[in-house]
Structures are given as C-alpha cells and as structure tokens.
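Shown below: run_23.txt, with compact mmCIF, C-alpha atoms and all ligand atoms.
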```txt
# COMPACT_ATOMS: atom_id res chain seq x y z
CA MET A 772 64.15 173.48 100.52
CA ARG A 773 63.37 175.91 97.74
CA ILE A 774 60.41 174.86 95.60
CA ILE A 775 60.50 175.74 91.89
CA ASN A 776 57.50 175.29 89.63
CA ILE A 777 58.10 174.73 85.93
CA CYS A 778 54.77 175.53 84.32
CA ASN A 779 52.96 176.60 81.18
CA LEU A 780 49.41 175.93 80.05
CA LYS A 781 50.81 174.74 76.76
CA GLY A 782 52.28 171.29 76.13
CA GLY A 783 55.45 170.69 74.15
CA VAL A 784 57.30 173.78 75.41
CA ALA A 785 60.04 171.79 77.24
CA LYS A 786 58.64 171.80 80.78
CA THR A 787 59.82 168.24 81.30
CA ILE A 788 63.17 168.75 79.56
CA THR A 789 63.78 171.87 81.64
CA SER A 790 62.78 170.14 84.89
CA VAL A 791 65.01 167.11 84.46
CA ASN A 792 68.00 169.04 83.18
CA MET A 793 67.80 171.77 85.78
CA ALA A 794 67.51 169.07 88.44
CA TYR A 795 70.60 167.38 87.06
CA VAL A 796 72.65 170.59 86.96
CA LEU A 797 71.74 171.34 90.58
CA ALA A 798 72.53 167.73 91.57
CA THR A 799 75.99 167.92 90.00
CA MET A 800 76.61 171.04 92.10
CA GLY A 801 76.13 168.83 95.14
CA LYS A 802 72.58 169.99 95.86
CA LYS A 803 69.99 167.51 97.05
CA VAL A 804 67.08 167.66 94.64
CA LEU A 805 63.55 166.31 94.85
CA VAL A 806 61.75 166.22 91.51
CA ILE A 807 57.96 166.01 91.50
CA ASP A 808 56.22 164.70 88.43
CA ASN A 809 52.94 166.60 88.37
CA ASP A 810 51.70 165.37 85.01
CA LYS A 811 49.61 162.22 84.64
CA GLN A 812 51.60 161.44 81.46
CA GLY A 813 54.46 160.48 83.78
CA ASN A 814 57.22 161.59 81.40
CA THR A 815 59.55 162.72 84.18
CA SER A 816 58.92 159.47 86.08
CA LYS A 817 59.75 157.47 82.96
CA PHE A 818 62.87 159.54 82.41
CA PHE A 819 64.17 158.68 85.89
CA GLY A 820 63.03 155.05 85.65
CA VAL A 821 60.42 155.22 88.42
CA TYR A 822 57.17 155.04 86.43
CA GLY A 823 54.63 152.41 87.42
CA TYR A 824 51.54 151.46 89.41
CA GLU A 825 53.04 149.22 92.10
CA LYS A 826 54.21 152.00 94.37
CA PRO A 827 52.35 155.06 95.64
CA SER A 828 52.63 158.23 93.59
CA LEU A 829 51.61 161.87 93.72
CA ALA A 830 47.96 160.79 93.53
CA GLU A 831 48.30 159.30 97.03
CA ILE A 832 49.58 162.60 98.39
CA MET A 833 46.61 164.41 96.92
CA LEU A 834 44.08 161.90 98.27
CA THR A 835 45.38 160.75 101.63
CA LYS A 836 47.34 161.98 104.55
CA ASN A 837 50.56 160.46 103.21
CA THR A 838 53.63 162.56 103.74
CA ALA A 839 56.11 163.02 100.93
CA GLU A 840 58.41 160.47 102.58
CA ASP A 841 55.94 157.68 101.87
CA VAL A 842 56.00 158.23 98.12
CA ILE A 843 59.54 159.42 97.37
CA GLN A 844 61.61 157.09 95.20
CA LYS A 845 65.35 156.95 94.81
CA THR A 846 66.80 157.17 91.30
CA THR A 847 70.07 155.99 89.80
CA ARG A 848 71.18 159.62 89.63
CA GLU A 849 73.11 160.83 92.61
CA ASN A 850 71.30 163.52 94.65
CA ILE A 851 68.02 163.14 92.74
CA ASP A 852 64.87 161.60 94.22
CA VAL A 853 61.47 161.63 92.56
CA ILE A 854 57.81 161.67 93.47
CA PRO A 855 56.36 159.92 90.44
CA ALA A 856 53.02 160.34 88.68
CA ASN A 857 50.79 158.14 86.59
CA MET A 858 47.21 158.18 85.26
CA ASN A 859 45.88 157.86 88.83
CA LEU A 860 46.54 161.58 89.11
CA LEU A 861 43.55 162.22 86.82
CA THR A 862 41.06 160.60 89.21
CA ALA A 863 42.86 162.01 92.23
CA ASN A 864 42.44 165.55 90.92
CA ARG A 865 38.75 164.96 90.31
CA ASN A 866 38.24 163.49 93.77
CA VAL A 867 40.03 166.37 95.47
CA MET A 868 37.58 168.74 93.76
CA LEU A 869 34.67 166.79 95.20
CA ASP A 870 36.12 166.51 98.68
CA LEU A 871 34.97 169.57 100.54
CA ASN A 872 35.84 168.21 103.97
CA SER A 873 39.52 169.04 104.03
CA PRO A 874 41.40 171.91 102.40
CA GLN A 875 41.95 171.32 98.69
CA GLN A 876 44.85 173.60 97.85
CA THR A 877 47.37 172.91 100.59
CA ARG A 878 47.74 169.12 100.48
CA LEU A 879 51.07 169.04 98.67
CA LYS A 880 52.44 171.88 100.77
CA LYS A 881 51.66 169.96 103.98
CA ALA A 882 53.11 166.73 102.63
CA LEU A 883 56.35 168.43 101.58
CA ALA A 884 56.87 170.12 104.94
CA ALA A 885 58.00 166.75 106.34
CA VAL A 886 60.98 166.52 103.96
CA ALA A 887 61.93 170.19 103.72
CA GLU A 888 65.16 169.62 105.66
CA GLN A 889 66.30 166.73 103.45
CA TYR A 890 66.53 168.63 100.17
CA ASP A 891 67.99 171.89 98.90
CA PHE A 892 65.63 172.16 95.94
CA CYS A 893 62.34 170.73 94.80
CA ILE A 894 61.51 171.03 91.11
CA ILE A 895 57.91 170.47 90.08
CA ASP A 896 57.26 169.49 86.47
CA ASN A 897 53.66 170.60 85.98
CA ALA A 898 50.97 169.46 83.59
CA PRO A 899 49.82 171.93 80.91
CA ASP A 900 46.72 172.68 82.94
CA ILE A 901 45.41 174.48 85.98
CA ASN A 902 44.01 171.49 87.82
CA MET A 903 43.99 170.75 91.54
CA SER A 904 47.49 169.32 91.70
CA VAL A 905 48.90 172.26 89.73
CA ILE A 906 47.12 174.64 92.10
CA ASN A 907 48.65 172.63 94.96
CA ALA A 908 52.10 172.93 93.39
CA LEU A 909 51.86 176.70 93.01
CA THR A 910 50.47 176.97 96.53
CA ALA A 911 53.51 175.09 97.85
CA GLY A 912 56.06 176.91 95.67
CA ASP A 913 58.61 179.64 96.16
CA ASP A 914 59.18 180.32 92.47
CA TYR A 915 57.66 179.69 89.09
CA ILE A 916 59.39 179.64 85.73
CA ILE A 917 57.55 179.50 82.39
CA PRO A 918 59.37 177.73 79.55
CA VAL A 919 58.20 179.03 76.18
CA LYS A 920 58.68 177.80 72.68
CA ILE A 921 58.18 180.61 70.25
CA ASP A 922 55.32 180.26 67.83
CA ARG A 923 52.13 182.12 67.05
CA PHE A 924 50.25 180.84 70.09
CA THR A 925 53.03 181.35 72.64
CA PHE A 926 51.91 184.64 74.07
CA ASP A 927 48.26 183.97 74.96
CA GLY A 928 49.26 180.93 76.99
CA VAL A 929 51.90 182.84 78.93
CA ASP A 930 49.55 185.70 79.84
CA VAL A 931 46.94 183.30 81.17
CA MET A 932 49.56 181.32 83.10
CA ILE A 933 50.86 184.46 84.81
CA GLU A 934 47.31 185.56 85.62
CA GLN A 935 46.46 182.20 87.17
CA ALA A 936 49.66 182.06 89.20
CA GLU A 937 49.12 185.61 90.44
CA GLN A 938 45.64 184.65 91.60
CA ILE A 939 47.10 181.75 93.53
CA ARG A 940 49.63 184.10 95.05
CA GLU A 941 46.87 186.46 96.19
CA ASN A 942 44.65 183.74 97.59
CA PHE A 943 46.95 181.04 98.93
CA ASN A 944 50.65 181.75 98.76
CA GLU A 945 52.12 185.21 99.30
CA LYS A 946 55.69 184.00 98.86
CA LEU A 947 55.23 182.75 95.28
CA ARG A 948 57.46 184.66 92.86
CA PHE A 949 57.60 184.79 89.09
CA ARG A 950 61.26 184.24 88.12
CA GLY A 951 60.74 184.61 84.39
CA CYS A 952 60.08 183.06 81.01
CA LEU A 953 62.72 180.82 79.49
CA VAL A 954 62.88 180.53 75.71
CA THR A 955 63.47 176.89 74.78
CA SER A 956 64.09 175.14 71.46
CA PHE A 957 65.58 178.39 70.15
CA ARG A 958 66.49 178.42 66.48
CA LYS A 959 68.17 181.18 64.56
CA ASN A 960 65.31 182.28 62.36
CA ASP A 961 63.14 185.37 62.06
CA VAL A 962 60.21 183.98 64.04
CA ASN A 963 62.44 183.09 66.99
CA ARG A 964 64.35 186.36 66.92
CA GLN A 965 61.22 188.49 66.68
CA GLY A 966 59.40 186.47 69.31
CA GLN A 967 62.34 186.73 71.67
CA GLU A 968 62.57 190.50 71.10
CA TYR A 969 58.89 190.90 71.83
CA LEU A 970 59.24 188.98 75.09
CA GLN A 971 62.32 191.02 76.02
CA GLU A 972 60.55 194.32 75.46
CA ALA A 973 57.45 193.48 77.46
CA SER A 974 58.81 193.64 81.00
CA ARG A 975 55.98 191.58 82.43
CA TYR A 976 57.54 188.47 80.88
CA LYS A 977 60.88 188.92 82.73
CA LEU A 978 62.76 186.94 80.14
CA PHE A 979 65.83 185.00 81.29
CA GLU A 980 68.91 186.20 79.40
CA THR A 981 69.84 182.63 78.63
CA HIS A 982 67.84 180.84 75.99
CA ILE A 983 68.02 177.11 75.33
CA ARG A 984 69.16 176.31 71.83
CA TRP A 985 67.39 173.75 69.69
CA THR A 986 69.42 170.61 69.08
CA GLU A 987 68.43 167.12 68.03
CA LYS A 988 70.59 165.91 70.94
CA VAL A 989 67.71 166.81 73.25
CA ASP A 990 65.28 164.56 71.38
CA GLU A 991 67.88 161.78 71.46
CA SER A 992 68.40 162.26 75.19
CA THR A 993 64.74 161.45 75.84
CA PHE A 994 65.29 158.02 74.30
CA THR A 995 68.42 157.29 76.29
CA CYS A 996 66.85 158.83 79.44
CA GLU A 997 69.95 160.89 80.06
CA PRO A 998 70.29 164.53 80.98
CA VAL A 999 71.53 166.34 77.88
CA MET A 1000 74.77 167.17 79.74
CA VAL A 1001 75.44 163.42 79.96
CA HIS A 1002 74.21 162.54 76.49
CA SER A 1003 76.12 165.28 74.70
CA PRO A 1004 78.11 167.45 77.11
CA ARG A 1005 79.30 169.91 74.50
CA CYS A 1006 76.07 170.59 72.66
CA GLY A 1007 74.42 174.00 72.86
CA ALA A 1008 71.48 172.89 75.01
CA ALA A 1009 73.81 171.28 77.59
CA ARG A 1010 75.74 174.51 77.97
CA ASP A 1011 72.55 176.57 77.97
CA TYR A 1012 70.92 174.56 80.77
CA LYS A 1013 74.01 175.12 82.92
CA ALA A 1014 73.97 178.84 82.17
CA PHE A 1015 70.24 179.08 82.81
CA THR A 1016 70.53 177.33 86.18
CA ALA A 1017 73.36 179.69 87.16
CA GLU A 1018 71.23 182.66 86.09
CA TYR A 1019 68.31 181.38 88.16
CA LEU A 1020 70.51 180.89 91.24
CA LYS A 1021 71.91 184.39 90.85
CA SER A 1022 68.45 185.90 90.59
CA VAL A 1023 67.45 184.10 93.79
CA SER A 1024 70.53 185.24 95.70
CA ASP A 1025 70.16 188.82 94.40
CA SER A 1026 66.57 189.02 95.53
CA ASP A 1027 67.43 187.43 98.90
CA THR A 1028 70.08 190.12 99.44
CA LYS A 1029 67.61 192.85 98.50
CA GLY A 1030 65.03 191.36 100.84
CA ALA A 1031 67.57 191.33 103.68
CA GLU A 1032 68.43 195.00 103.12
CA LYS A 1033 64.82 196.11 103.51
N1 LIG B 1101 66.34 172.44 73.27
C1 LIG B 1101 65.63 171.53 72.57
N2 LIG B 1101 66.05 171.11 71.35
C2 LIG B 1101 65.36 170.19 70.64
N3 LIG B 1101 64.22 169.61 71.05
C3 LIG B 1101 63.74 169.96 72.26
C4 LIG B 1101 64.41 170.94 73.09
N4 LIG B 1101 63.70 171.07 74.24
C5 LIG B 1101 62.64 170.23 74.13
N5 LIG B 1101 62.67 169.56 72.96
C6 LIG B 1101 61.71 168.55 72.49
O1 LIG B 1101 60.40 169.08 72.56
C7 LIG B 1101 59.47 168.08 72.92
C8 LIG B 1101 58.64 168.56 74.10
O2 LIG B 1101 59.45 168.66 75.25
P1 LIG B 1101 58.85 168.36 76.69
O3 LIG B 1101 59.86 168.73 77.70
O4 LIG B 1101 58.30 166.98 76.73
O5 LIG B 1101 57.64 169.42 76.72
P2 LIG B 1101 56.45 169.57 77.79
O6 LIG B 1101 56.86 168.89 79.04
O7 LIG B 1101 56.31 171.06 77.94
O8 LIG B 1101 55.24 168.99 77.14
C9 LIG B 1101 60.27 166.83 73.21
O9 LIG B 1101 60.19 165.98 72.09
C10 LIG B 1101 61.69 167.32 73.40
O10 LIG B 1101 62.64 166.37 73.02
MG MG B 1102 55.95 167.32 80.12
```
Please express the file's structure as structure tokens.
Amino acid sequence: MRIINICNLKGGVAKTITSVNMAYVLATMGKKVLVIDNDKQGNTSKFFGVYGYEKPSLAEIMLTKNTAEDVIQKTTRENIDVIPANMNLLTANRNVMLDLNSPQQTRLKKALAAVAEQYDFCIIDNAPDINMSVINALTAGDDYIIPVKIDRFTFDGVDVMIEQAEQIRENFNEKLRFRGCLVTSFRKNDVNRQGQEYLQEASRYKLFETHIRWTEKVDESTFTCEPVMVHSPRCGAARDYKAFTAEYLKSVSDSDTKGAEK
C-alpha cells in the first residue's frame, strides 16, 4: 500500500477535491483505495456518505490501540473504503499531545500496517494544520503532494508546509518524499499565469505539469457528492484529474526504477 498525503497549511486550496477525485481515478483503474479523512470538518466523510458519530473514526485510532480494520467503512463506490473523521478528532489530537506514555507520532502508521496488504493506495486528506494527526499522517506516508490555489498568500504557506514535512522526514520518516505542488482552480488570467510561472521556475516547488482547471462543475459535484468525472465527465477538471493521477503514477514508477538502478 502506497500512502499519499494531500496537504497544505491553507484551507480552500482543493485538498479534499483532489483527494476524492484522485481516489476515484485510481479506483476506476482497478486499484483498491483507502481514503483517510484527516480533517475534523469531515468533508471527505460527508462526500462518501460515511460521516457520523455512531461508528468509530480516526479519533479512535489516535487514542486507542484500534487497528485500521476496526474503523474502516465501506462506501457505495467500488474499490473505495474510508476512515472517517468528525469533531472528535479535535479532542483526540489534544489528548495525544498530553499522553506521554506511548509514542505520539507513530499511531496511525502502526494502525495502517494491519491493512497494508488489502489496499494498493491510501490517500490522506489532511487538515490545514500541523497537528498531531497530520504529523501522524506524514510519519506514515510515502509521498506528499501540495495542492495550491494561486493568490497572494499561496507561497508563504507552501514554504512552511515543505519545511514542516522535511522536519518530519528527518525525525520520523526517512521514506517520505515530496512529489510536488499541484495548481488547482486554474483560471486563464494574469495572476494565475504569473503565479504558475513563478512556481515552475523555483525548482523547490517541483510543480506537476498538469494543472487542474477551474470549473463550476467542481462546486456542483460537492453538492451531488460525485467525483467530477461522474458529474461531468468531459469538463476540464475531470480530464485534468485523470492526467494528474497518470503523471503522479509515472513519477512514482520513474523514481522506483531509478532507485532500483542504484
Ligand atoms: N477545479 C476547481 N474548480 C472550481 N472550484 C473548485 C475546484 N477545486 C476546488 N474547488 C472549490 O474550492 C473549494 C475548496 O475546495 P476543498 O477541496 O474543499 O479545499 P480544502 O480541502 O483545501 O479546504 C470548494 O468549494 C470546491 O468546490
Ligand atoms: Mg478539506
């Protein structure tokens, strides 16, 4: 199971949209995908129809010795299961900070080990924060991808995110790799073009070649709780999410080949 973190310290940059649509593209390729909602807002859980307080959620993984199996929920989408989140994650994160008796950063990693054989990919939709469960997600992860929406405040957030993730790599998780920034909600105007050029030129941002075009179909798809490929298969964003997922898979296979040659 390859674990992909979708993260940015900013909200509203399409972390959730990217997580659910990338999961769907992988699922339609026949891959088994586990999606983890790592945001107390529970948007991803709501999207897949598994939001609520009756069943255990990610909070229980953070607080107890539950394995992932105990909290995974099936969805109506073929090949996609979800570990949901709700507001309990807020208290859970606080309690993990106070609990000095067992390791704080590796709880999710340990819980996921039990299901590693059952899935090809795990996509973690992170909160716009560096809290305990986000640190756990990056500690468990193979890759991280930073969706960005271009505006004046884009760049500060990305630099801090990369810095934080690199610290986690140094301290807890050597295998964590930065796969790149993904421009989302792209519109053909000067701000977007210039912002994209700036990101392209600064190699530390490793921009994906694909950008995700802005379309109102994406907003609509959040109301119908459908992947944008289902809601509007021919719209720009639907095609872009397919292209982006293919680009990601290629980057993984290229780096695996390079690693094998060493
Ligand atoms: N390609 C796009 N085109 C139009 N709207 C988009 C696009 N991607 C995201 N959005 C909208 O931006 C908002 C924030 O997206 P979301 O994924 O919830 O961000 P985050 O999880 O980073 O807070 C949502 O209203 C969503 O519909
Ligand atoms: Mg979100």
Counting only C-alpha atoms and all ligand atoms, which residue out of A:Thr846, A:Thr1028, A:Asn809, A:Asn837 sits closest to ligand LIG 1101 (chain B)? A:Asn809
How would you report the residues lying within 9 Å of ligand LIG 1101 (chain B), as a PyMOL selection string, if you count all atoms listed in the file? chain A and resi 777-791+810+814-815+896-899+918-920+955-958+982-994+1007-1009+1011
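Among the candidate residues A:Leu869, A:Ile807, A:Ile851, A:Leu947, the one lying nearest to Ala839 (chain A) is A:Ile807, with distances computed using all atoms listed in the file.
The residue that comes closest to ligand MG 1102 (chain B), out of A:Leu829, A:Cys952, A:Ile939, A:Ala856 and on the basis of only C-alpha atoms and all ligand atoms, is A:Ala856.
If you look at CA of Asn850 (chain A) and CA of Lys836 (chain A), they are 26.0 Å away from each other.
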Please write as a PyMOL selection string the list of polymer residues whose atoms come within 10 Å of (61.6, 160.1, 90.5), counting all atoms listed in the file and keeping to the coordinates of the file. chain A and resi 791+805-808+813+815-822+828+842-848+851-856
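Reported to one decimal place, the separation of CA of Ile832 (chain A) from CA of Leu883 (chain A) is 9.5 Å.
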Need to verify the contact set: region 878-882 of chain A, 12 Å, all atoms listed in the file, exclusion of same-chain residues closer than 2 positions in sequence. Can you return it as a VMD selection string? chain A and resid 772 774 807 809 829 to 843 854 863 to 864 867 873 to 876 884 to 887 893 895 903 to 913 943 to 944
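Comparing A:Tyr915, A:Tyr795, A:Tyr1012, A:Phe924 by their smallest distance to Lys977 (chain A), the closest is A:Tyr915 (using only C-alpha atoms).
Across A:Asp1025, A:Asp900, A:Glu825, A:Glu968, the tightest approach to ligand MG 1102 (chain B) is made by A:Asp900 when counting only C-alpha atoms and all ligand atoms.
When all atoms listed in the file are used to measure the gap to Arg964 (chain A), the shortest distance among A:Met858, A:Ile775, A:Val796, A:Ile921 belongs to A:Ile921.
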Skip Met800 (chain A) itself and residues of its chain fewer than 2 positions away, then list as a list in words all residues within 12 Å of it, counting all atoms listed in the file. Met793, Ala794, Tyr795, Val796, Leu797, Ala798, Lys802, Lys803, Val804, Glu849, Asn850, Ile851, Asp891, Phe892, Lys1013, Thr1016, Ala1017 and Leu1020 of chain A
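From CA of Leu953 (chain A) back to CA of Cys1006 (chain A), the distance works out to 18.2 Å.
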Using all atoms listed in the file, which protein or nucleic acid residues come within 9 Å of Glu937 (chain A)? Drop anything in the same chain fewer than 5 positions from it, and give the result as a list in words. Met932, Asn942, Leu947, Arg948 and Phe949 of chain A
Find the residues with any atom within 7 Å of (65.2, 182.4, 85.3); use only C-alpha atoms and the coordinates as given in the file, and write the answer as a ChimeraX atom specification. /A:916,950-953,979,1015,1018-1019
